[in-house]
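One file, query_18.cif, is given below (mmCIF, C-alpha atoms and all ligand atoms).
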data_model
loop_
_atom_site.label_atom_id
_atom_site.label_comp_id
_atom_site.auth_asym_id
_atom_site.auth_seq_id
_atom_site.Cartn_x
_atom_site.Cartn_y
_atom_site.Cartn_z
CA MET N 97 116.94 86.48 66.29
CA ASN N 98 117.28 82.80 66.96
CA ALA N 99 115.62 80.33 64.59
CA MET N 100 115.59 77.75 67.41
CA ALA N 101 113.07 79.88 69.22
CA HIS N 102 110.37 78.86 66.74
CA SER N 103 110.56 75.26 67.86
CA VAL N 104 110.55 75.92 71.62
CA GLN N 105 107.21 75.01 73.20
CA SER N 106 105.66 76.98 76.05
CA LEU N 107 108.27 79.69 75.81
CA HIS N 108 107.88 82.34 78.50
CA THR N 109 108.96 85.96 78.89
CA ARG N 110 110.83 87.11 81.96
CA ILE N 111 112.17 90.46 83.11
CA ALA N 112 115.96 90.30 82.93
CA GLY N 113 116.63 93.83 84.18
CA THR N 114 114.99 97.16 85.02
CA GLY N 115 116.08 100.80 84.80
CA SER N 116 114.63 104.26 85.16
CA TYR N 117 115.50 107.92 84.85
CA LEU N 118 114.10 111.20 86.16
CA PRO N 119 115.22 114.57 84.83
CA PRO N 120 117.15 116.42 87.57
CA ARG N 121 114.81 119.45 87.88
CA ARG N 122 112.52 118.60 90.82
CA LEU N 123 109.60 120.81 91.80
CA SER N 124 107.91 120.34 95.16
CA ASN N 125 104.25 121.32 95.41
CA ALA N 126 105.36 124.55 97.10
CA ASP N 127 107.77 125.29 94.22
CA LEU N 128 105.02 124.72 91.65
CA ALA N 129 102.43 126.68 93.65
CA ALA N 130 104.84 129.64 93.84
CA GLN N 131 105.44 129.47 90.08
CA LEU N 132 101.68 129.30 89.33
CA ALA N 133 100.95 132.15 91.77
CA GLN N 134 103.05 134.45 89.56
CA GLN N 135 100.46 133.85 86.81
CA GLY N 136 97.53 134.36 89.21
CA ILE N 137 96.75 130.61 89.52
CA GLU N 138 96.00 129.55 93.08
CA THR N 139 96.85 126.10 94.45
CA SER N 140 98.48 124.71 97.56
CA ASP N 141 100.59 121.84 98.85
CA ASP N 142 97.66 120.88 101.13
CA TRP N 143 95.17 120.59 98.25
CA ILE N 144 97.53 118.59 96.04
CA VAL N 145 98.60 116.19 98.81
CA GLU N 146 95.08 115.65 100.13
CA ARG N 147 93.44 115.04 96.74
CA THR N 148 96.25 113.15 94.97
CA GLY N 149 99.09 112.15 97.32
CA ILE N 150 101.55 114.01 95.05
CA ARG N 151 104.33 115.96 96.82
CA ALA N 152 106.79 116.56 93.97
CA ARG N 153 107.42 115.93 90.27
CA HIS N 154 110.36 116.24 87.86
CA PHE N 155 110.30 118.39 84.72
CA VAL N 156 112.72 118.35 81.79
CA ASP N 157 114.70 121.44 80.84
CA ASP N 158 114.28 123.10 77.45
CA GLY N 159 115.67 121.02 74.61
CA VAL N 160 115.38 117.65 76.39
CA VAL N 161 113.09 115.23 74.53
CA CYS N 162 111.36 111.95 75.29
CA SER N 163 114.05 109.78 73.71
CA ASP N 164 116.69 111.43 75.93
CA LEU N 165 114.89 110.18 79.05
CA ALA N 166 114.20 106.81 77.40
CA GLU N 167 117.88 106.41 76.54
CA GLN N 168 119.01 106.81 80.16
CA ALA N 169 116.38 104.38 81.46
CA ALA N 170 117.18 101.87 78.70
CA ARG N 171 120.93 101.99 79.39
CA ARG N 172 120.30 101.30 83.09
CA ALA N 173 117.96 98.38 82.30
CA MET N 174 120.48 96.90 79.85
CA GLU N 175 123.24 97.24 82.46
CA ALA N 176 121.05 95.52 85.07
CA ALA N 177 120.32 92.70 82.60
CA GLY N 178 123.98 92.41 81.62
CA VAL N 179 123.24 92.89 77.91
CA GLY N 180 124.43 95.27 75.21
CA PRO N 181 122.88 96.87 72.11
CA GLN N 182 123.76 93.81 69.97
CA ASP N 183 121.60 91.60 72.23
CA ILE N 184 118.35 93.55 71.73
CA ASP N 185 116.16 92.29 68.87
CA LEU N 186 112.96 94.25 69.59
CA LEU N 187 112.48 97.82 70.85
CA ILE N 188 109.11 99.22 71.92
CA VAL N 189 108.55 102.68 73.42
CA ALA N 190 105.24 103.48 75.07
CA THR N 191 104.70 107.23 74.92
CA SER N 192 102.10 109.93 74.22
CA THR N 193 104.74 112.66 74.09
CA PRO N 194 107.01 111.51 71.24
CA ASP N 195 109.98 113.54 69.98
CA MET N 196 108.32 114.14 66.59
CA VAL N 197 105.22 113.30 64.60
CA PHE N 198 107.45 110.70 62.94
CA PRO N 199 109.66 108.72 62.97
CA SER N 200 108.78 106.89 66.15
CA THR N 201 110.59 107.66 69.38
CA ALA N 202 111.63 103.98 69.36
CA ALA N 203 113.44 104.46 66.03
CA ILE N 204 115.15 107.62 67.31
CA LEU N 205 116.12 105.80 70.51
CA GLN N 206 117.45 102.84 68.55
CA GLY N 207 119.90 105.19 66.84
CA LYS N 208 120.95 106.73 70.18
CA LEU N 209 121.53 103.29 71.74
CA GLY N 210 123.56 102.06 68.77
CA ILE N 211 121.31 99.09 68.00
CA THR N 212 122.44 98.70 64.40
CA HIS N 213 121.50 95.15 63.35
CA GLY N 214 118.01 95.93 62.09
CA ALA N 215 115.88 95.02 65.13
CA PRO N 216 112.28 96.23 64.75
CA ALA N 217 111.46 99.41 66.69
CA PHE N 218 108.07 101.06 67.11
CA ASP N 219 105.96 103.12 69.52
CA VAL N 220 102.81 102.08 71.33
CA GLN N 221 100.32 104.83 72.07
CA ALA N 222 97.90 103.90 74.83
CA VAL N 223 98.53 106.89 77.10
CA CYS N 224 98.85 105.81 80.75
CA SER N 225 98.16 102.16 79.82
CA GLY N 226 101.00 102.28 77.29
CA PHE N 227 103.51 100.28 79.31
CA VAL N 228 101.19 97.32 79.98
CA TYR N 229 100.16 97.41 76.30
CA ALA N 230 103.81 97.41 75.21
CA LEU N 231 104.73 94.62 77.65
CA THR N 232 101.87 92.51 76.30
CA VAL N 233 102.94 93.03 72.68
CA ALA N 234 106.56 92.19 73.51
CA ASP N 235 105.48 89.11 75.48
CA SER N 236 103.48 87.86 72.49
CA LEU N 237 106.38 88.40 70.08
CA ILE N 238 108.79 86.62 72.42
CA ARG N 239 106.47 83.67 73.07
CA THR N 240 105.97 83.13 69.34
CA GLY N 241 109.74 83.14 68.84
CA THR N 242 109.77 86.35 66.77
CA ALA N 243 112.12 88.01 69.27
CA ARG N 244 114.43 86.67 71.96
CA ARG N 245 115.23 89.82 73.88
CA ALA N 246 113.23 93.06 73.97
CA LEU N 247 113.67 96.51 75.42
CA VAL N 248 110.31 97.90 76.55
CA ILE N 249 110.27 101.48 77.72
CA GLY N 250 107.69 103.92 79.03
CA ALA N 251 108.90 107.50 78.58
CA GLU N 252 107.09 110.83 78.80
CA VAL N 253 107.60 114.58 78.81
CA PHE N 254 104.08 115.51 79.89
CA SER N 255 105.30 118.95 81.02
CA ARG N 256 105.30 119.83 77.29
CA ILE N 257 101.53 119.28 76.92
CA LEU N 258 100.33 120.79 80.20
CA ASP N 259 98.23 123.94 80.33
CA PHE N 260 99.83 125.84 83.22
CA LYS N 261 96.74 128.03 83.45
CA ASP N 262 94.58 124.97 84.30
CA ARG N 263 95.22 124.10 87.94
CA THR N 264 92.97 121.04 87.73
CA THR N 265 95.56 119.27 85.54
CA CYS N 266 98.96 121.00 85.64
CA VAL N 267 99.70 120.00 89.23
CA LEU N 268 99.20 116.30 88.50
CA PHE N 269 101.81 115.29 85.94
CA GLY N 270 105.58 114.87 85.67
CA ASP N 271 108.32 113.69 83.29
CA GLY N 272 110.39 110.50 83.44
CA ALA N 273 111.16 107.12 81.94
CA GLY N 274 111.30 103.48 83.01
CA ALA N 275 112.52 100.44 81.11
CA VAL N 276 112.74 96.68 81.25
CA VAL N 277 114.77 94.16 79.30
CA LEU N 278 112.58 91.13 78.59
CA GLU N 279 113.96 87.79 77.47
CA ALA N 280 112.73 84.39 76.38
CA SER N 281 112.85 81.94 79.23
CA GLU N 282 111.96 78.33 80.00
CA LYS N 283 110.15 79.44 83.15
CA PRO N 284 107.70 82.34 83.70
CA GLY N 285 107.96 85.29 83.72
CA ILE N 286 104.75 86.79 82.58
CA LEU N 287 101.85 84.60 83.68
CA SER N 288 98.90 86.45 82.11
CA THR N 289 97.88 89.72 80.50
CA ASP N 290 94.56 91.49 80.10
CA LEU N 291 94.08 94.55 77.85
CA HIS N 292 91.03 96.69 77.08
CA ALA N 293 89.90 99.93 75.45
CA ASP N 294 86.55 101.72 75.24
CA GLY N 295 86.60 104.47 72.63
CA ARG N 296 83.28 105.90 73.79
CA HIS N 297 85.25 107.81 76.44
CA VAL N 298 87.79 109.61 74.25
CA GLY N 299 86.67 113.01 75.55
CA ILE N 300 87.29 112.50 79.29
CA LEU N 301 91.08 112.52 78.89
CA CYS N 302 92.66 113.83 75.70
CA THR N 303 95.08 116.25 74.09
CA PRO N 304 92.98 117.22 71.10
CA GLY N 305 95.41 119.27 68.98
CA THR N 306 96.87 118.11 65.69
CA VAL N 307 99.19 119.35 62.95
CA SER N 308 97.73 120.32 59.57
CA GLY N 309 99.06 122.51 56.80
CA GLY N 310 102.13 123.22 58.93
CA GLN N 311 99.98 124.67 61.73
CA VAL N 312 98.81 123.34 65.08
CA LEU N 313 95.05 122.88 64.88
CA GLY N 314 92.96 122.66 68.03
CA ASP N 315 94.32 122.78 71.57
CA PRO N 316 97.51 120.76 72.03
CA THR N 317 97.29 120.75 75.84
CA LEU N 318 95.93 118.03 78.08
CA LYS N 319 92.22 118.11 79.02
CA MET N 320 90.75 115.89 81.71
CA ASP N 321 87.41 115.37 83.39
CA GLY N 322 89.10 114.27 86.62
CA GLN N 323 86.05 112.87 88.34
CA ALA N 324 84.93 110.81 85.31
CA VAL N 325 88.45 109.40 84.94
CA PHE N 326 88.62 108.68 88.67
CA LYS N 327 85.38 106.66 88.61
CA MET N 328 86.40 104.67 85.53
CA ALA N 329 89.86 103.98 86.93
CA VAL N 330 88.61 102.63 90.25
CA LYS N 331 86.20 100.29 88.44
CA VAL N 332 88.44 98.93 85.71
CA LEU N 333 91.60 98.46 87.80
CA GLU N 334 89.83 95.90 89.99
CA GLU N 335 88.29 94.16 86.95
CA ALA N 336 91.61 93.95 85.07
CA ALA N 337 93.48 92.56 88.08
CA ARG N 338 90.81 89.92 88.63
CA ALA N 339 90.77 88.97 84.94
CA ALA N 340 94.56 88.57 84.89
CA LEU N 341 94.46 86.48 88.09
CA ASP N 342 91.69 84.27 86.65
CA LYS N 343 93.65 83.65 83.46
CA ALA N 344 96.63 82.55 85.57
CA GLY N 345 94.47 80.38 87.85
CA ALA N 346 95.47 82.59 90.79
CA THR N 347 93.67 84.54 93.53
CA ASP N 348 94.14 87.83 95.42
CA ALA N 349 96.42 86.01 97.85
CA ASP N 350 98.84 85.31 94.99
CA ILE N 351 99.90 88.97 94.61
CA ASP N 352 103.06 89.93 96.46
CA PHE N 353 103.14 93.50 95.13
CA LEU N 354 100.65 95.66 93.25
CA ILE N 355 102.24 98.22 90.92
CA PRO N 356 99.37 100.33 89.61
CA HIS N 357 99.63 103.33 87.33
CA GLN N 358 100.67 106.20 89.59
CA ALA N 359 98.00 108.86 89.11
CA ASN N 360 96.32 109.34 92.46
CA ILE N 361 97.02 107.66 95.80
CA ARG N 362 93.27 107.41 96.47
CA ILE N 363 92.72 105.31 93.32
CA MET N 364 95.64 103.07 94.27
CA GLN N 365 94.41 102.61 97.85
CA SER N 366 90.91 101.79 96.66
CA THR N 367 92.24 99.14 94.25
CA ALA N 368 94.45 97.65 96.98
CA ARG N 369 91.50 97.45 99.41
CA LYS N 370 89.37 95.64 96.82
CA LEU N 371 92.18 93.16 96.22
CA LYS N 372 92.64 92.78 100.01
CA LEU N 373 96.24 93.98 99.88
CA GLY N 374 97.85 95.85 102.79
CA GLU N 375 99.51 99.22 102.18
CA ASP N 376 102.96 97.63 102.35
CA ARG N 377 102.10 95.51 99.28
CA VAL N 378 101.50 98.52 97.02
CA ILE N 379 104.45 100.24 95.35
CA VAL N 380 103.88 104.00 95.58
CA THR N 381 105.99 106.58 93.75
CA VAL N 382 103.23 109.04 92.83
CA ASP N 383 104.25 111.11 95.87
CA GLN N 384 107.69 111.80 94.39
CA HIS N 385 107.06 111.53 90.62
CA GLY N 386 103.48 112.73 90.06
CA ASN N 387 101.69 111.09 87.17
CA THR N 388 104.27 110.22 84.50
CA SER N 389 101.74 108.42 82.27
CA ALA N 390 103.33 105.47 80.42
CA ALA N 391 106.51 105.86 82.47
CA SER N 392 104.86 105.51 85.87
CA ILE N 393 104.71 101.70 86.16
CA PRO N 394 108.29 100.94 85.05
CA LEU N 395 109.55 103.84 87.22
CA ALA N 396 107.77 102.34 90.24
CA LEU N 397 108.95 98.82 89.37
CA ASP N 398 112.58 99.89 89.07
CA THR N 399 112.39 101.90 92.31
CA ALA N 400 111.17 98.86 94.26
CA VAL N 401 113.63 96.48 92.59
CA ARG N 402 116.55 98.76 93.43
CA ASP N 403 115.46 99.41 97.03
CA GLY N 404 115.20 95.64 97.57
CA ARG N 405 111.47 95.32 98.20
CA ILE N 406 110.89 93.35 95.00
CA GLN N 407 112.96 90.17 94.88
CA ARG N 408 113.23 87.34 92.36
CA GLY N 409 110.21 85.03 92.73
CA HIS N 410 107.79 87.76 93.85
CA ARG N 411 104.46 87.80 91.99
CA LEU N 412 103.65 91.27 90.69
CA MET N 413 100.43 92.77 89.37
CA LEU N 414 101.17 95.70 87.02
CA GLU N 415 98.13 97.78 86.09
CA GLY N 416 97.65 100.69 83.70
CA VAL N 417 94.65 102.95 83.07
CA GLY N 418 94.22 106.12 81.06
CA GLY N 419 93.15 107.97 77.95
CA GLY N 420 91.28 106.15 75.24
CA PHE N 421 89.82 104.99 77.57
CA THR N 422 92.39 102.19 77.95
CA TRP N 423 93.26 99.83 80.74
CA GLY N 424 95.01 96.55 81.37
CA ALA N 425 97.04 94.33 83.67
CA VAL N 426 100.14 92.15 83.44
CA TYR N 427 100.60 89.48 86.13
CA LEU N 428 104.10 88.09 86.40
CA VAL N 429 106.73 86.40 88.48
CA TYR N 430 109.72 88.71 88.78
O1 LIG S 1 96.59 109.26 84.16
C1 LIG S 1 95.32 108.83 83.86
C2 LIG S 1 94.55 108.62 85.05
N1 LIG S 1 94.23 109.90 85.69
C3 LIG S 1 93.62 109.87 86.85
O2 LIG S 1 93.44 108.80 87.36
C4 LIG S 1 93.11 111.14 87.47
C5 LIG S 1 91.79 110.87 88.10
N2 LIG S 1 91.20 112.01 88.79
C6 LIG S 1 91.71 112.50 89.93
O3 LIG S 1 92.75 112.07 90.38
C7 LIG S 1 90.93 113.56 90.67
O4 LIG S 1 89.64 113.67 90.12
C8 LIG S 1 91.62 114.95 90.65
C9 LIG S 1 92.88 114.91 91.49
C10 LIG S 1 91.96 115.34 89.22
C11 LIG S 1 90.70 116.00 91.25
O5 LIG S 1 90.31 115.64 92.56
P1 LIG S 1 88.79 115.76 93.03
O6 LIG S 1 88.74 115.33 94.42
O7 LIG S 1 87.97 115.01 92.01
O8 LIG S 1 88.55 117.31 92.96
P2 LIG S 1 87.47 118.13 92.12
O9 LIG S 1 87.79 118.09 90.68
O10 LIG S 1 86.11 117.69 92.58
O11 LIG S 1 87.72 119.58 92.62
C12 LIG S 1 87.41 119.95 93.99
C13 LIG S 1 87.68 121.41 94.17
C14 LIG S 1 87.06 122.29 93.09
O12 LIG S 1 86.60 123.50 93.72
P3 LIG S 1 85.05 123.68 94.09
O13 LIG S 1 84.33 123.56 92.78
O14 LIG S 1 84.73 122.57 95.03
O15 LIG S 1 85.02 125.04 94.67
C15 LIG S 1 88.22 122.64 92.20
O16 LIG S 1 88.07 123.86 91.56
O17 LIG S 1 89.09 121.64 94.10
C16 LIG S 1 89.36 122.72 93.18
N3 LIG S 1 90.66 122.48 92.59
C17 LIG S 1 91.82 122.94 93.10
N4 LIG S 1 92.08 123.67 94.20
C18 LIG S 1 93.38 123.94 94.46
C19 LIG S 1 90.94 121.78 91.45
N5 LIG S 1 92.26 121.77 91.24
C20 LIG S 1 92.83 122.47 92.24
C21 LIG S 1 94.16 122.80 92.58
N6 LIG S 1 94.38 123.53 93.68
N7 LIG S 1 95.22 122.39 91.84
#
Could I get this file's structure written as structure tokens?
Amino acid sequence: MNAMAHSVQSLHTRIAGTGSYLPPRRLSNADLAAQLAQQGIETSDDWIVERTGIRARHFVDDGVVCSDLAEQAARRAMEAAGVGPQDIDLLIVATSTPDMVFPSTAAILQGKLGITHGAPAFDVQAVCSGFVYALTVADSLIRTGTARRALVIGAEVFSRILDFKDRTTCVLFGDGAGAVVLEASEKPGILSTDLHADGRHVGILCTPGTVSGGQVLGDPTLKMDGQAVFKMAVKVLEEAARAALDKAGATDADIDFLIPHQANIRIMQSTARKLKLGEDRVIVTVDQHGNTSAASIPLALDTAVRDGRIQRGHRLMLEGVGGGFTWGAVYLVY
């Protein structure tokens, strides 16, 4: 930490590097449909593609945990930023599928990365909005001079909480991780953020199990009222984008790329239409990754940075939405 940071006025937060990681085991829709058919569950590539845009997802093998995926993504982001473990003074992991009840996945990851100088490390739990929540927290801590350089990671092993007898949910999700290194900067960076939650809607997307007396109580698999979530998502993604643009004094025309949470191509297309953005301005990875919850936005960001679509100076709108109900946007100059 740098004491000078406290005296810097109008400090900004910029992305210094991105990274991501997918576990090697890839299942196409046909692979998954064949696996489900063995248990008498009927689905098809046609249904999944038509309703969601998903064509494949990646699942971890037995014994691989959230912090393993996070570690790979974090190492790639640090390499892209040209920094090492000694340079990181804040570590935040957004996840709903942590390694353990406690300690946090961030603390476990800190040990794996060899960050040994006492930098704070904690998890943020906002389900599929987790990455925009974590980015916003890190941005605040950097702008107040509390941290100079942060690792912010979205990492999930949703395959562990899926009910493979429920075809309405198990075909939708995948595992993966994405990361960014953020750093204090004289120039933006993050231009505005907008976060929300509405706890009246806990029941439309939840994993209601818990641990008590050494036993799992309740059902520890994911439950979703897909149509209710769909309607909420379409509504709040437009509102959050507009709120973030307003705060930055910008308009729809000031978005070069939209990077929404990757849950369903139809939700993404609807948001893009409302913001008057052509298809080529939306980063889509849901087709190859499925819904990776808090990992989906940084996975999509890193994909488009590495394939050259996103360049320095582009204005990006990152948007999350999910269980809680939670939603939010981060508008930034890359
Ligand atoms: O990550 C947080 C954000 N999550 C989301 O944004 C998810 C939002 N919701 C959605 O993406 C969509 O609602 C779903 C993809 C989950 C479902 O699509 P839908 O167009 O709303 O389908 P539906 O639930 O209305 O189901 C239509 C039909 C039903 O059959 P009937 O009742 O019409 O005979 C389902 O039983 O599709 C059936 N169905 C399936 N058929 C084949 C449901 N799942 C499957 C399946 N394979 N996997």
As a PyMOL selection string, please: the residues near Thr264 of chain N (cut-off 9 Å, all atoms listed in the file, same-chain neighbours under 4 positions excluded). chain N and resi 268+320+322
Write to file, as a PDB file, keeping the file's coordinate frame, the residues of the selection just made, with C-alpha atoms.
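File produced: selection24.pdb:
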ATOM      1  CA  LEU N 268      99.200 116.300  88.500  1.00  0.00           C
ATOM      2  CA  MET N 320      90.750 115.890  81.710  1.00  0.00           C
ATOM      3  CA  GLY N 322      89.100 114.270  86.620  1.00  0.00           C
TER       4      GLY N 322
END
List all protein, DNA and RNA residues that have an atom no more than 9 Å from any atom of ligand LIG 1 (chain S), counting all atoms listed in the file, and report them as a ChimeraX atom specification. /N:129,137-144,146-149,223-225,262-269,301,320-330,357-363,387-390,416-419
Residue selection dump (C-alpha atoms) as a CSV table (one decimal), keeping the file's coordinate frame:
chain,number,residue,atom,x,y,z
N,129,ALA,CA,102.4,126.7,93.6
N,137,ILE,CA,96.8,130.6,89.5
N,138,GLU,CA,96.0,129.6,93.1
N,139,THR,CA,96.8,126.1,94.4
N,140,SER,CA,98.5,124.7,97.6
N,141,ASP,CA,100.6,121.8,98.8
N,142,ASP,CA,97.7,120.9,101.1
N,143,TRP,CA,95.2,120.6,98.2
N,144,ILE,CA,97.5,118.6,96.0
N,146,GLU,CA,95.1,115.6,100.1
N,147,ARG,CA,93.4,115.0,96.7
N,148,THR,CA,96.2,113.2,95.0
N,149,GLY,CA,99.1,112.2,97.3
N,223,VAL,CA,98.5,106.9,77.1
N,224,CYS,CA,98.8,105.8,80.8
N,225,SER,CA,98.2,102.2,79.8
N,262,ASP,CA,94.6,125.0,84.3
N,263,ARG,CA,95.2,124.1,87.9
N,264,THR,CA,93.0,121.0,87.7
N,265,THR,CA,95.6,119.3,85.5
N,266,CYS,CA,99.0,121.0,85.6
N,267,VAL,CA,99.7,120.0,89.2
N,268,LEU,CA,99.2,116.3,88.5
N,269,PHE,CA,101.8,115.3,85.9
N,301,LEU,CA,91.1,112.5,78.9
N,320,MET,CA,90.8,115.9,81.7
N,321,ASP,CA,87.4,115.4,83.4
N,322,GLY,CA,89.1,114.3,86.6
N,323,GLN,CA,86.0,112.9,88.3
N,324,ALA,CA,84.9,110.8,85.3
N,325,VAL,CA,88.4,109.4,84.9
N,326,PHE,CA,88.6,108.7,88.7
N,327,LYS,CA,85.4,106.7,88.6
N,328,MET,CA,86.4,104.7,85.5
N,329,ALA,CA,89.9,104.0,86.9
N,330,VAL,CA,88.6,102.6,90.2
N,357,HIS,CA,99.6,103.3,87.3
N,358,GLN,CA,100.7,106.2,89.6
N,359,ALA,CA,98.0,108.9,89.1
N,360,ASN,CA,96.3,109.3,92.5
N,361,ILE,CA,97.0,107.7,95.8
N,362,ARG,CA,93.3,107.4,96.5
N,363,ILE,CA,92.7,105.3,93.3
N,387,ASN,CA,101.7,111.1,87.2
N,388,THR,CA,104.3,110.2,84.5
N,389,SER,CA,101.7,108.4,82.3
N,390,ALA,CA,103.3,105.5,80.4
N,416,GLY,CA,97.6,100.7,83.7
N,417,VAL,CA,94.6,103.0,83.1
N,418,GLY,CA,94.2,106.1,81.1
N,419,GLY,CA,93.2,108.0,78.0
Name the residues in contact with Phe227 of chain N at a cut-off of 8 Å, using only C-alpha atoms, excluding same-chain residues fewer than 4 positions from it; report them as a PyMOL selection string. chain N and resi 190+231+248-250+390-391+393-394+416
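Rounded to one decimal, atom CA of Lys319 of chain N and atom CA of Val298 of chain N lie 10.7 Å from each other.
The closest residue to Val197 of chain N, picked from N:Thr306, N:Thr367, N:Gln407, N:Gln168 and counting all atoms listed in the file, is N:Thr306.
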Box in all listed atoms of segment 198-203 of chain N, axis-aligned, with 4 Å more on each side; write out centre and edge lengths in Å to one decimal as lines of an AutoDock Vina configuration file.
center_x = 110.4
center_y = 107.3
center_z = 66.2
size_x = 14.0
size_y = 14.7
size_z = 14.4
